[in-house]
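Data block for input_27.tsv (TSV, C-alpha atoms):
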chain	number	residue	atom	x	y	z
D	1	MET	CA	-56.85	-32.87	47.70
D	2	THR	CA	-54.93	-29.78	48.79
D	3	LYS	CA	-56.09	-26.53	47.24
D	4	PRO	CA	-53.50	-24.38	45.44
D	5	THR	CA	-52.48	-21.21	47.28
D	6	ILE	CA	-52.68	-17.71	45.86
D	7	PHE	CA	-51.36	-14.54	47.46
D	8	THR	CA	-52.68	-11.01	47.79
D	9	LEU	CA	-50.82	-7.79	48.55
D	10	MET	CA	-53.23	-5.02	49.52
D	11	GLY	CA	-52.83	-1.51	50.80
D	12	PRO	CA	-53.70	2.15	50.28
D	13	THR	CA	-52.47	4.20	47.37
D	14	ALA	CA	-48.81	5.33	47.55
D	15	SER	CA	-47.98	2.74	50.23
D	16	GLY	CA	-45.34	0.95	48.16
D	17	LYS	CA	-47.22	-2.19	47.09
D	18	THR	CA	-45.88	-2.33	43.54
D	19	ALA	CA	-42.26	-1.90	44.62
D	20	LEU	CA	-42.67	-4.76	47.09
D	21	ALA	CA	-44.25	-6.98	44.44
D	22	MET	CA	-41.43	-6.34	41.97
D	23	ALA	CA	-38.79	-6.96	44.63
D	24	LEU	CA	-40.51	-10.24	45.47
D	25	SER	CA	-40.48	-11.17	41.79
D	26	ASP	CA	-36.68	-10.99	41.84
D	27	ARG	CA	-36.67	-13.89	44.30
D	28	TYR	CA	-39.63	-16.06	43.36
D	29	PRO	CA	-41.49	-17.11	40.16
D	30	ILE	CA	-44.23	-14.55	40.72
D	31	ASP	CA	-46.99	-13.58	38.31
D	32	ILE	CA	-48.27	-10.12	39.28
D	33	ILE	CA	-52.01	-9.65	38.73
D	34	SER	CA	-53.16	-6.05	39.12
D	35	VAL	CA	-56.18	-5.33	41.32
D	36	ASP	CA	-56.69	-1.68	40.42
D	37	SER	CA	-59.76	-0.10	38.81
D	38	ALA	CA	-57.69	2.75	37.32
D	39	LEU	CA	-54.78	0.79	35.86
D	40	ILE	CA	-57.11	-1.09	33.53
D	41	TYR	CA	-57.39	1.95	31.24
D	42	ARG	CA	-55.14	2.55	28.25
D	43	GLY	CA	-53.77	6.06	27.84
D	44	MET	CA	-54.08	6.81	31.55
D	45	ASP	CA	-50.52	6.23	32.68
D	46	ILE	CA	-49.20	9.24	34.57
D	47	GLY	CA	-52.26	10.06	36.68
D	48	THR	CA	-52.67	6.43	37.75
D	49	ALA	CA	-48.96	6.07	38.67
D	50	LYS	CA	-48.83	3.14	36.28
D	51	THR	CA	-45.67	1.06	36.31
D	52	SER	CA	-43.29	2.24	33.58
D	53	LYS	CA	-43.04	0.39	30.28
D	54	ALA	CA	-39.48	-0.65	31.10
D	55	GLU	CA	-40.58	-2.08	34.45
D	56	LEU	CA	-43.57	-3.81	32.86
D	57	GLN	CA	-41.21	-5.54	30.44
D	58	ARG	CA	-39.15	-6.83	33.34
D	59	TYR	CA	-42.11	-7.43	35.66
D	60	PRO	CA	-45.20	-8.15	33.53
D	61	HIS	CA	-48.51	-7.24	35.15
D	62	GLN	CA	-51.79	-8.88	34.21
D	63	LEU	CA	-55.01	-6.80	33.92
D	64	ILE	CA	-53.28	-3.53	33.05
D	65	ASP	CA	-54.22	-1.59	29.87
D	66	ILE	CA	-57.13	-3.88	29.06
D	67	LYS	CA	-59.85	-1.25	28.52
D	68	ASP	CA	-60.36	2.01	26.66
D	69	PRO	CA	-61.40	4.90	28.97
D	70	LEU	CA	-64.79	4.92	27.23
D	71	GLU	CA	-65.51	1.34	28.30
D	72	SER	CA	-67.01	0.13	31.55
D	73	TYR	CA	-65.53	-2.61	33.74
D	74	SER	CA	-67.33	-4.16	36.68
D	75	ALA	CA	-66.26	-6.15	39.72
D	76	ALA	CA	-67.79	-9.17	37.99
D	77	ASP	CA	-65.59	-8.53	34.93
D	78	PHE	CA	-62.57	-8.32	37.18
D	79	ARG	CA	-63.38	-11.56	38.98
D	80	GLN	CA	-63.72	-13.41	35.70
D	81	ASP	CA	-60.45	-12.01	34.34
D	82	ALA	CA	-58.58	-12.53	37.60
D	83	LEU	CA	-59.66	-16.16	37.89
D	84	ALA	CA	-58.50	-16.78	34.33
D	85	ALA	CA	-55.12	-15.16	35.05
D	86	ILE	CA	-54.74	-17.17	38.27
D	87	LYS	CA	-55.46	-20.43	36.45
D	88	ILE	CA	-52.90	-19.68	33.75
D	89	SER	CA	-50.27	-18.81	36.35
D	90	LEU	CA	-50.85	-21.97	38.38
D	91	ASN	CA	-50.83	-24.14	35.26
D	92	LYS	CA	-47.37	-22.79	34.48
D	93	GLY	CA	-46.19	-23.75	37.95
D	94	ARG	CA	-45.87	-20.11	39.02
D	95	ILE	CA	-47.18	-18.13	42.00
D	96	PRO	CA	-50.14	-15.76	41.47
D	97	LEU	CA	-49.75	-12.52	43.44
D	98	LEU	CA	-52.72	-10.15	43.29
D	99	VAL	CA	-51.55	-6.62	43.98
D	100	GLY	CA	-53.62	-3.46	44.34
D	101	GLY	CA	-55.89	-1.22	46.32
D	102	THR	CA	-59.33	-1.66	44.79
D	103	MET	CA	-60.93	-3.37	47.75
D	104	LEU	CA	-64.21	-3.99	45.98
D	105	TYR	CA	-62.34	-6.13	43.46
D	106	PHE	CA	-60.64	-8.10	46.22
D	107	LYS	CA	-63.98	-8.61	47.93
D	108	ALA	CA	-65.58	-9.82	44.69
D	109	LEU	CA	-62.75	-12.28	44.14
D	110	LEU	CA	-62.63	-13.67	47.67
D	111	ASP	CA	-66.31	-13.65	48.65
D	112	GLY	CA	-67.99	-14.26	45.33
D	113	LEU	CA	-70.62	-12.13	43.65
D	114	SER	CA	-74.34	-11.93	43.95
D	115	PRO	CA	-76.36	-13.08	40.91
D	116	LEU	CA	-77.04	-9.57	39.62
D	117	PRO	CA	-78.43	-9.07	36.11
D	118	PRO	CA	-76.25	-7.65	33.33
D	119	ALA	CA	-76.70	-4.03	32.38
D	120	ASP	CA	-79.69	-3.10	30.24
D	121	GLU	CA	-78.79	-0.06	28.12
D	122	ASN	CA	-82.40	0.77	27.35
D	123	ILE	CA	-83.32	0.96	31.03
D	124	ARG	CA	-80.15	2.90	31.84
D	125	GLN	CA	-80.92	5.46	29.16
D	126	LYS	CA	-84.47	5.89	30.46
D	127	ILE	CA	-83.14	6.48	33.98
D	128	GLU	CA	-80.58	8.97	32.67
D	129	ALA	CA	-83.26	10.75	30.65
D	130	GLN	CA	-85.44	11.02	33.74
D	131	ALA	CA	-82.46	12.32	35.73
D	132	ALA	CA	-81.71	14.93	33.06
D	133	LYS	CA	-85.29	16.14	33.34
D	134	GLU	CA	-85.92	15.85	37.09
D	135	GLY	CA	-82.44	15.60	38.62
D	136	TRP	CA	-80.62	12.73	40.33
D	137	ARG	CA	-82.26	13.56	43.65
D	138	ALA	CA	-85.56	12.53	42.09
D	139	ILE	CA	-83.97	9.21	41.11
D	140	HIS	CA	-82.70	8.88	44.68
D	141	GLN	CA	-86.21	9.45	46.01
D	142	GLU	CA	-87.57	6.81	43.65
D	143	LEU	CA	-84.91	4.36	44.81
D	144	THR	CA	-85.87	5.09	48.44
D	145	LYS	CA	-89.36	3.73	47.73
D	146	VAL	CA	-88.18	0.38	46.36
D	147	ASP	CA	-84.82	-0.11	48.12
D	148	PRO	CA	-84.46	2.15	51.18
D	149	ILE	CA	-81.32	0.40	52.41
D	150	SER	CA	-79.43	1.04	49.16
D	151	ALA	CA	-80.82	4.57	49.03
D	152	GLU	CA	-79.43	5.25	52.48
D	153	ARG	CA	-76.03	3.91	51.46
D	154	ILE	CA	-75.81	5.69	48.07
D	155	HIS	CA	-75.29	9.44	47.96
D	156	PRO	CA	-77.87	11.41	45.92
D	157	ASN	CA	-74.98	12.81	43.84
D	158	ASP	CA	-73.65	9.41	42.80
D	159	PRO	CA	-75.35	8.86	39.41
D	160	GLN	CA	-73.54	5.63	38.50
D	161	ARG	CA	-74.54	3.74	41.64
D	162	LEU	CA	-78.03	5.24	41.71
D	163	ASN	CA	-78.59	4.19	38.12
D	164	ARG	CA	-77.38	0.66	38.77
D	165	ALA	CA	-79.46	0.18	41.94
D	166	LEU	CA	-82.67	1.32	40.27
D	167	GLU	CA	-81.82	-0.57	37.08
D	168	VAL	CA	-81.49	-3.83	39.04
D	169	TYR	CA	-84.94	-3.35	40.54
D	170	LEU	CA	-86.54	-2.47	37.21
D	171	ILE	CA	-85.00	-5.56	35.56
D	172	THR	CA	-85.67	-8.12	38.28
D	173	GLY	CA	-88.43	-6.70	40.45
D	174	ARG	CA	-86.14	-7.35	43.42
D	175	SER	CA	-84.01	-4.81	45.25
D	176	LEU	CA	-80.24	-4.66	45.04
D	177	THR	CA	-80.17	-5.16	48.81
D	178	GLU	CA	-82.14	-8.39	48.52
D	179	LEU	CA	-80.10	-9.77	45.65
D	180	THR	CA	-76.73	-9.03	47.23
D	181	GLN	CA	-77.60	-11.24	50.19
D	182	ASP	CA	-77.08	-14.20	47.86
D	183	LYS	CA	-73.44	-15.01	47.12
D	184	GLY	CA	-72.07	-16.74	44.07
D	185	ASP	CA	-69.42	-19.42	43.75
D	186	SER	CA	-66.75	-19.55	46.44
D	187	LEU	CA	-63.06	-19.32	45.61
D	188	GLU	CA	-61.36	-22.65	44.87
D	189	TYR	CA	-58.00	-21.64	46.34
D	190	ASN	CA	-56.33	-21.11	49.67
D	191	VAL	CA	-55.54	-17.43	50.05
D	192	MET	CA	-52.59	-15.92	51.92
D	193	GLN	CA	-53.22	-12.22	52.39
D	194	PHE	CA	-50.68	-9.50	53.04
D	195	ALA	CA	-51.46	-5.83	53.58
D	196	VAL	CA	-49.20	-2.82	53.94
D	197	SER	CA	-49.66	-1.21	57.33
D	198	CYS	CA	-49.85	2.59	57.44
D	199	ASP	CA	-49.47	3.45	61.10
D	200	ASP	CA	-47.64	6.67	60.20
D	201	ARG	CA	-50.50	8.50	58.48
D	202	GLU	CA	-48.48	11.70	58.12
D	203	LEU	CA	-45.77	9.86	56.19
D	204	LEU	CA	-48.41	8.41	53.87
D	205	HIS	CA	-49.84	11.89	53.29
D	206	GLN	CA	-46.37	13.16	52.43
D	207	ARG	CA	-45.90	10.33	49.93
D	208	ILE	CA	-49.27	11.10	48.34
D	209	GLU	CA	-48.45	14.78	47.92
D	210	LEU	CA	-44.98	14.05	46.59
D	211	ARG	CA	-46.34	11.56	44.06
D	212	PHE	CA	-48.99	13.98	42.86
D	213	MET	CA	-46.36	16.67	42.31
D	214	GLN	CA	-44.22	14.15	40.44
D	215	MET	CA	-47.19	13.35	38.19
D	216	LEU	CA	-47.54	17.02	37.35
D	217	ALA	CA	-43.84	17.24	36.53
D	218	GLN	CA	-44.11	14.16	34.30
D	219	GLY	CA	-46.84	15.70	32.14
D	220	PHE	CA	-50.13	14.75	33.77
D	221	GLU	CA	-51.77	17.92	32.40
D	222	ASN	CA	-50.90	16.99	28.82
D	223	GLU	CA	-52.14	13.45	29.37
D	224	VAL	CA	-55.59	14.72	30.35
D	225	LYS	CA	-55.56	17.23	27.49
D	226	GLU	CA	-55.10	14.33	25.08
D	227	LEU	CA	-58.06	12.53	26.66
D	228	MET	CA	-60.23	15.64	26.37
D	229	ILE	CA	-59.28	16.14	22.71
D	230	ARG	CA	-60.83	12.77	21.88
D	231	GLY	CA	-64.26	14.33	22.32
D	232	ASP	CA	-66.02	11.15	23.45
D	233	LEU	CA	-65.09	11.23	27.14
D	234	ASN	CA	-66.80	13.08	29.98
D	235	LEU	CA	-66.75	13.35	33.76
D	236	ASN	CA	-69.64	10.91	34.19
D	237	LEU	CA	-67.50	8.00	33.00
D	238	PRO	CA	-65.85	5.78	35.64
D	239	SER	CA	-62.45	6.37	34.01
D	240	MET	CA	-62.69	10.14	34.32
D	241	ARG	CA	-63.84	9.89	37.92
D	242	CYS	CA	-60.48	8.37	38.87
D	243	VAL	CA	-58.66	10.38	41.51
D	244	GLY	CA	-56.75	13.26	39.95
D	245	TYR	CA	-58.37	13.04	36.54
D	246	ARG	CA	-61.58	14.75	37.61
D	247	GLN	CA	-59.67	17.60	39.23
D	248	MET	CA	-57.38	18.08	36.23
D	249	TRP	CA	-60.38	17.95	33.88
D	250	GLU	CA	-62.12	20.66	35.92
D	251	TYR	CA	-58.98	22.82	35.77
D	252	LEU	CA	-58.58	22.41	32.01
D	253	SER	CA	-62.27	23.22	31.59
D	254	GLY	CA	-61.73	26.50	33.43
D	255	ASP	CA	-63.90	25.54	36.42
D	256	ILE	CA	-61.13	25.75	39.03
D	257	SER	CA	-57.67	27.32	39.26
D	258	TYR	CA	-54.40	25.43	38.99
D	259	ASP	CA	-53.77	25.72	42.71
D	260	GLU	CA	-57.28	24.47	43.45
D	261	MET	CA	-56.67	21.51	41.15
D	262	VAL	CA	-53.50	20.58	43.02
D	263	PHE	CA	-55.13	20.99	46.42
D	264	LYS	CA	-58.26	19.02	45.47
D	265	GLY	CA	-56.23	16.32	43.73
D	266	VAL	CA	-54.06	15.72	46.79
D	267	CYS	CA	-57.08	15.82	49.12
D	268	ALA	CA	-59.03	13.37	46.95
D	269	THR	CA	-56.07	10.97	46.96
D	270	ARG	CA	-55.79	11.20	50.73
D	271	GLN	CA	-59.51	10.49	51.04
D	272	LEU	CA	-59.09	7.46	48.80
D	273	ALA	CA	-56.27	6.18	51.00
D	274	LYS	CA	-58.42	6.70	54.08
D	275	ARG	CA	-61.26	4.65	52.54
D	276	GLN	CA	-58.84	1.89	51.59
D	277	ILE	CA	-57.42	1.74	55.11
D	278	THR	CA	-60.95	1.64	56.55
D	279	TRP	CA	-61.77	-1.30	54.26
D	280	LEU	CA	-58.66	-3.14	55.42
D	281	ARG	CA	-59.28	-2.49	59.11
D	282	GLY	CA	-62.69	-4.09	58.74
D	283	TRP	CA	-61.50	-6.96	56.51
D	284	LYS	CA	-63.02	-10.22	57.69
D	285	HIS	CA	-60.26	-12.41	56.22
D	286	PRO	CA	-56.97	-13.03	58.10
D	287	ILE	CA	-54.26	-10.55	57.09
D	288	HIS	CA	-50.51	-10.56	57.60
D	289	TRP	CA	-49.57	-6.91	58.14
D	290	ILE	CA	-46.25	-5.75	56.73
D	291	ASN	CA	-44.24	-2.54	56.46
D	292	SER	CA	-43.32	-1.40	52.96
D	293	ASP	CA	-39.98	-0.13	54.29
D	294	ASN	CA	-39.08	-3.55	55.71
D	295	GLN	CA	-38.69	-5.85	52.71
D	296	LYS	CA	-36.80	-8.44	54.72
D	297	ASN	CA	-39.75	-9.03	57.02
D	298	PHE	CA	-42.09	-9.37	54.04
D	299	PHE	CA	-39.76	-11.82	52.29
D	300	ASN	CA	-39.50	-13.93	55.46
D	301	LEU	CA	-43.27	-14.08	55.90
D	302	PHE	CA	-43.75	-14.93	52.24
D	303	SER	CA	-41.11	-17.68	52.39
D	304	GLN	CA	-42.78	-19.18	55.49
D	305	ALA	CA	-46.12	-19.15	53.73
D	306	LEU	CA	-44.68	-21.03	50.74
D	307	ASP	CA	-43.23	-23.67	53.06
D	308	GLU	CA	-46.52	-24.31	54.86

Structure translated into structure tokens:
Amino acid sequence: MTKPTIFTLMGPTASGKTALAMALSDRYPIDIISVDSALIYRGMDIGTAKTSKAELQRYPHQLIDIKDPLESYSAADFRQDALAAIKISLNKGRIPLLVGGTMLYFKALLDGLSPLPPADENIRQKIEAQAAKEGWRAIHQELTKVDPISAERIHPNDPQRLNRALEVYLITGRSLTELTQDKGDSLEYNVMQFAVSCDDRELLHQRIELRFMQMLAQGFENEVKELMIRGDLNLNLPSMRCVGYRQMWEYLSGDISYDEMVFKGVCATRQLAKRQITWLRGWKHPIHWINSDNQKNFFNLFSQALDE
């Protein structure tokens, strides 16, 4: 029996993925499924360059605005939600198109996930308490003893990943490195993958800077002020570590100047794009490379894929 086909559209931030997906939706019965770890959060619209409400009404996106910024959301959560959205789309006779730049989510979906244990809040709190007393470098040193490979990969100033790696060992008695060698269930679909090429890096950098300035003009500062007023958010949360939000938070807290915020925000976004491109260049799955400025070529490739 022939497996159903799903489609992916990947690429770095500001490369034009969403515009391509919406243009494609004008021609085909597409269901857009977001693959973006920032767009999941409600109340974080401007700084994430979230599709406007008017556009979302015309081009509905799945897996947008599904979490409060206080909540956590893992790659495993994404895979479960994405598979459910794909199934619903196929059952309606439509075409699932997964669009975004969170490569870890794409990898979780396509390659499966290792059988890692769920989070244990008690253990996490103990690790955080130890870190508050001794510092995260002490946690990093402890991780080095039980999982040197993960310790080498994780920066000593990355509390979230350090906590998780040590937590996994304390729960299971096995290292994160060991457990991640085992993969979960494979994907039950054929996958046709497209990715936006970014050969002109300078043009991409210009787009990133322009978009950041547009965010500022649209009220990004006030958006972060509203998040700070809540009183229950902080910079250690995954939501507030999203590109741009950390820098704006630091500015509003008086830690950096406005100009520093702009400079650091643009630089952080460029660094994110660089990491995304690196992921794509090393992607082990076959990719059809496209240019965001050449919609006709993309449409032709997509049409050929549907006919195969």

With distances taken over only C-alpha atoms, which of D:Tyr28, D:Trp283, D:Lys53, D:Leu9 is nearest to D:Ser303? D:Tyr28

Using all atoms listed in the file - which residues lie no farther than 7 Å from the point (-57.8, 4.7, 48.4) in the file's frame? Write them as number ranges by chain. D: 12-13, 101, 269, 271-276

I need the residues from that last selection saved to file as a compact mmCIF listing (two decimals), keeping the file's coordinate frame (with C-alpha atoms), if you can.
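Final output, result_34.txt:
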# COMPACT_ATOMS: atom_id res chain seq x y z
CA PRO D 12 -53.70 2.15 50.28
CA THR D 13 -52.47 4.20 47.37
CA GLY D 101 -55.89 -1.22 46.32
CA THR D 269 -56.07 10.97 46.96
CA GLN D 271 -59.51 10.49 51.04
CA LEU D 272 -59.09 7.46 48.80
CA ALA D 273 -56.27 6.18 51.00
CA LYS D 274 -58.42 6.70 54.08
CA ARG D 275 -61.26 4.65 52.54
CA GLN D 276 -58.84 1.89 51.59

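Note that atom CA of D:Ala75 and atom CA of D:Met215 are 27.3 Å apart.
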
Enter the distance from atom CA of D:Arg174 to atom CA of D:Glu121, in Å, rounded to one decimal.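 Between atom CA of D:Arg174 and atom CA of D:Glu121 the gap works out to 18.5 Å.
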
Near D:Gln193, within 7 Å and counting only C-alpha atoms, which residues show up once chain neighbours fewer than 6 positions away are dropped, as a list in words?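 In the requested form, the answer reads Phe7, Thr8, Leu9, Pro286, Ile287 and His288 of chain D.
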
Minimum-distance residue to D:Ser25, chosen among D:Tyr59, D:Trp136, D:Tyr41, D:Trp289 (using all atoms listed in the file):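 Of the candidates, the smallest distance to D:Ser25 is held by D:Tyr59.
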
Provide the atom CA of D:Gly219 to atom CA of D:Asp45 distance in Å, to one decimal place.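 These atoms are spaced 10.2 Å apart.
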
Within 9 Å of stretch 234-241 of chain D using all atoms listed in the file, minus same-chain residues under 2 positions, as a list of chain:residue names: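 Non-adjacent residues within range: D:Ser37, D:Ala38, D:Tyr41, D:Met44, D:Asp68, D:Pro69, D:Leu70, D:Glu71, D:Ser72, D:Tyr73, D:Pro159, D:Gln160, D:Met228, D:Gly231, D:Asp232, D:Val243, D:Gly244, D:Tyr245, D:Arg246, D:Gln247, D:Trp249, D:Glu250.
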
Calculated over only C-alpha atoms, which of the candidates D:Ala138, D:Met261, D:Ile123, D:Leu252 has the smallest distance to D:Val168? D:Ile123

Please determine, counting all atoms listed in the file, which residue among D:Ser15, D:Ser114, D:Thr278, D:Ser186 has the shortest atom-to-atom distance to D:Ile290.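 For D:Ile290, the nearest of the given residues is D:Ser15.
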
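Every protein, DNA or RNA residue with an atom at most 10 Å from D:Leu90, where only C-alpha atoms count and chain neighbours fewer than 6 positions away do not, is listed here: Pro4, Thr5, Ile6, Asp31 and Pro96 of chain D.
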
Counting only C-alpha atoms, which residue out of D:Phe299, D:Lys225, D:Leu39, D:Asp120 sits closest to D:Met22?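 Smallest separation from D:Met22 among the options: D:Phe299.
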
Give the answer as one residue: which of D:Gln80, D:Ala268, D:Gln125, D:Ala132 has the shortest atom-to-atom distance to D:Ile208, using only C-alpha atoms?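 Nearest to D:Ile208: D:Ala268.
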
Can you take the partial stretch 172-201 of chain D, add N, CA and C atoms, and return it as a PDB file, keeping the file's coordinate frame?
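Here's the written file rebuild_36.pdb:
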ATOM      1  N   THR D 172     -85.342  -6.881  37.571  1.00  0.00           N
ATOM      2  CA  THR D 172     -85.670  -8.120  38.280  1.00  0.00           C
ATOM      3  C   THR D 172     -86.929  -8.042  39.143  1.00  0.00           C
ATOM      4  N   GLY D 173     -87.332  -6.837  39.515  1.00  0.00           N
ATOM      5  CA  GLY D 173     -88.430  -6.700  40.450  1.00  0.00           C
ATOM      6  C   GLY D 173     -88.015  -6.953  41.884  1.00  0.00           C
ATOM      7  N   ARG D 174     -86.700  -7.146  42.088  1.00  0.00           N
ATOM      8  CA  ARG D 174     -86.140  -7.350  43.420  1.00  0.00           C
ATOM      9  C   ARG D 174     -85.083  -6.288  43.682  1.00  0.00           C
ATOM     10  N   SER D 175     -84.948  -5.883  44.927  1.00  0.00           N
ATOM     11  CA  SER D 175     -84.010  -4.810  45.250  1.00  0.00           C
ATOM     12  C   SER D 175     -82.572  -5.297  45.201  1.00  0.00           C
ATOM     13  N   LEU D 176     -81.671  -4.343  45.008  1.00  0.00           N
ATOM     14  CA  LEU D 176     -80.240  -4.660  45.040  1.00  0.00           C
ATOM     15  C   LEU D 176     -79.859  -5.215  46.403  1.00  0.00           C
ATOM     16  N   THR D 177     -80.435  -4.681  47.450  1.00  0.00           N
ATOM     17  CA  THR D 177     -80.170  -5.160  48.810  1.00  0.00           C
ATOM     18  C   THR D 177     -80.530  -6.633  48.954  1.00  0.00           C
ATOM     19  N   GLU D 178     -81.682  -7.003  48.435  1.00  0.00           N
ATOM     20  CA  GLU D 178     -82.140  -8.390  48.520  1.00  0.00           C
ATOM     21  C   GLU D 178     -81.240  -9.320  47.726  1.00  0.00           C
ATOM     22  N   LEU D 179     -80.896  -8.905  46.525  1.00  0.00           N
ATOM     23  CA  LEU D 179     -80.100  -9.770  45.650  1.00  0.00           C
ATOM     24  C   LEU D 179     -78.685  -9.956  46.169  1.00  0.00           C
ATOM     25  N   THR D 180     -78.109  -8.922  46.774  1.00  0.00           N
ATOM     26  CA  THR D 180     -76.730  -9.030  47.230  1.00  0.00           C
ATOM     27  C   THR D 180     -76.577  -9.888  48.481  1.00  0.00           C
ATOM     28  N   GLN D 181     -77.679 -10.327  49.055  1.00  0.00           N
ATOM     29  CA  GLN D 181     -77.600 -11.240  50.190  1.00  0.00           C
ATOM     30  C   GLN D 181     -77.238 -12.657  49.734  1.00  0.00           C
ATOM     31  N   ASP D 182     -77.445 -12.905  48.433  1.00  0.00           N
ATOM     32  CA  ASP D 182     -77.080 -14.200  47.860  1.00  0.00           C
ATOM     33  C   ASP D 182     -75.680 -14.110  47.275  1.00  0.00           C
ATOM     34  N   LYS D 183     -74.796 -15.021  47.636  1.00  0.00           N
ATOM     35  CA  LYS D 183     -73.440 -15.010  47.120  1.00  0.00           C
ATOM     36  C   LYS D 183     -73.267 -16.069  46.043  1.00  0.00           C
ATOM     37  N   GLY D 184     -72.331 -15.803  45.148  1.00  0.00           N
ATOM     38  CA  GLY D 184     -72.070 -16.740  44.070  1.00  0.00           C
ATOM     39  C   GLY D 184     -71.099 -17.824  44.486  1.00  0.00           C
ATOM     40  N   ASP D 185     -70.364 -18.328  43.514  1.00  0.00           N
ATOM     41  CA  ASP D 185     -69.420 -19.420  43.750  1.00  0.00           C
ATOM     42  C   ASP D 185     -68.284 -18.962  44.665  1.00  0.00           C
ATOM     43  N   SER D 186     -67.877 -19.854  45.558  1.00  0.00           N
ATOM     44  CA  SER D 186     -66.750 -19.550  46.440  1.00  0.00           C
ATOM     45  C   SER D 186     -65.436 -19.782  45.700  1.00  0.00           C
ATOM     46  N   LEU D 187     -64.377 -19.209  46.233  1.00  0.00           N
ATOM     47  CA  LEU D 187     -63.060 -19.320  45.610  1.00  0.00           C
ATOM     48  C   LEU D 187     -62.490 -20.718  45.847  1.00  0.00           C
ATOM     49  N   GLU D 188     -61.866 -21.277  44.814  1.00  0.00           N
ATOM     50  CA  GLU D 188     -61.360 -22.650  44.870  1.00  0.00           C
ATOM     51  C   GLU D 188     -59.886 -22.709  45.281  1.00  0.00           C
ATOM     52  N   TYR D 189     -59.414 -21.684  45.959  1.00  0.00           N
ATOM     53  CA  TYR D 189     -58.000 -21.640  46.340  1.00  0.00           C
ATOM     54  C   TYR D 189     -57.853 -21.260  47.809  1.00  0.00           C
ATOM     55  N   ASN D 190     -56.732 -21.679  48.393  1.00  0.00           N
ATOM     56  CA  ASN D 190     -56.330 -21.110  49.670  1.00  0.00           C
ATOM     57  C   ASN D 190     -55.759 -19.726  49.381  1.00  0.00           C
ATOM     58  N   VAL D 191     -55.995 -18.794  50.282  1.00  0.00           N
ATOM     59  CA  VAL D 191     -55.540 -17.430  50.050  1.00  0.00           C
ATOM     60  C   VAL D 191     -54.685 -16.967  51.233  1.00  0.00           C
ATOM     61  N   MET D 192     -53.474 -16.521  50.928  1.00  0.00           N
ATOM     62  CA  MET D 192     -52.590 -15.920  51.920  1.00  0.00           C
ATOM     63  C   MET D 192     -52.562 -14.424  51.650  1.00  0.00           C
ATOM     64  N   GLN D 193     -53.047 -13.641  52.622  1.00  0.00           N
ATOM     65  CA  GLN D 193     -53.220 -12.220  52.390  1.00  0.00           C
ATOM     66  C   GLN D 193     -52.219 -11.382  53.178  1.00  0.00           C
ATOM     67  N   PHE D 194     -51.579 -10.476  52.447  1.00  0.00           N
ATOM     68  CA  PHE D 194     -50.680  -9.500  53.040  1.00  0.00           C
ATOM     69  C   PHE D 194     -51.251  -8.111  52.800  1.00  0.00           C
ATOM     70  N   ALA D 195     -51.030  -7.213  53.740  1.00  0.00           N
ATOM     71  CA  ALA D 195     -51.460  -5.830  53.580  1.00  0.00           C
ATOM     72  C   ALA D 195     -50.419  -4.904  54.168  1.00  0.00           C
ATOM     73  N   VAL D 196     -50.180  -3.806  53.478  1.00  0.00           N
ATOM     74  CA  VAL D 196     -49.200  -2.820  53.940  1.00  0.00           C
ATOM     75  C   VAL D 196     -49.812  -1.994  55.056  1.00  0.00           C
ATOM     76  N   SER D 197     -49.165  -2.002  56.206  1.00  0.00           N
ATOM     77  CA  SER D 197     -49.660  -1.210  57.330  1.00  0.00           C
ATOM     78  C   SER D 197     -49.266   0.259  57.138  1.00  0.00           C
ATOM     79  N   CYS D 198     -50.101   1.146  57.595  1.00  0.00           N
ATOM     80  CA  CYS D 198     -49.850   2.590  57.440  1.00  0.00           C
ATOM     81  C   CYS D 198     -50.092   3.277  58.784  1.00  0.00           C
ATOM     82  N   ASP D 199     -49.307   2.877  59.764  1.00  0.00           N
ATOM     83  CA  ASP D 199     -49.470   3.450  61.100  1.00  0.00           C
ATOM     84  C   ASP D 199     -49.070   4.926  61.112  1.00  0.00           C
ATOM     85  N   ASP D 200     -48.089   5.282  60.281  1.00  0.00           N
ATOM     86  CA  ASP D 200     -47.640   6.670  60.200  1.00  0.00           C
ATOM     87  C   ASP D 200     -48.449   7.372  59.102  1.00  0.00           C
ATOM     88  N   ARG D 201     -49.612   7.885  59.465  1.00  0.00           N
ATOM     89  CA  ARG D 201     -50.500   8.500  58.480  1.00  0.00           C
ATOM     90  C   ARG D 201     -49.887   9.749  57.857  1.00  0.00           C
TER      91      ARG D 201
END
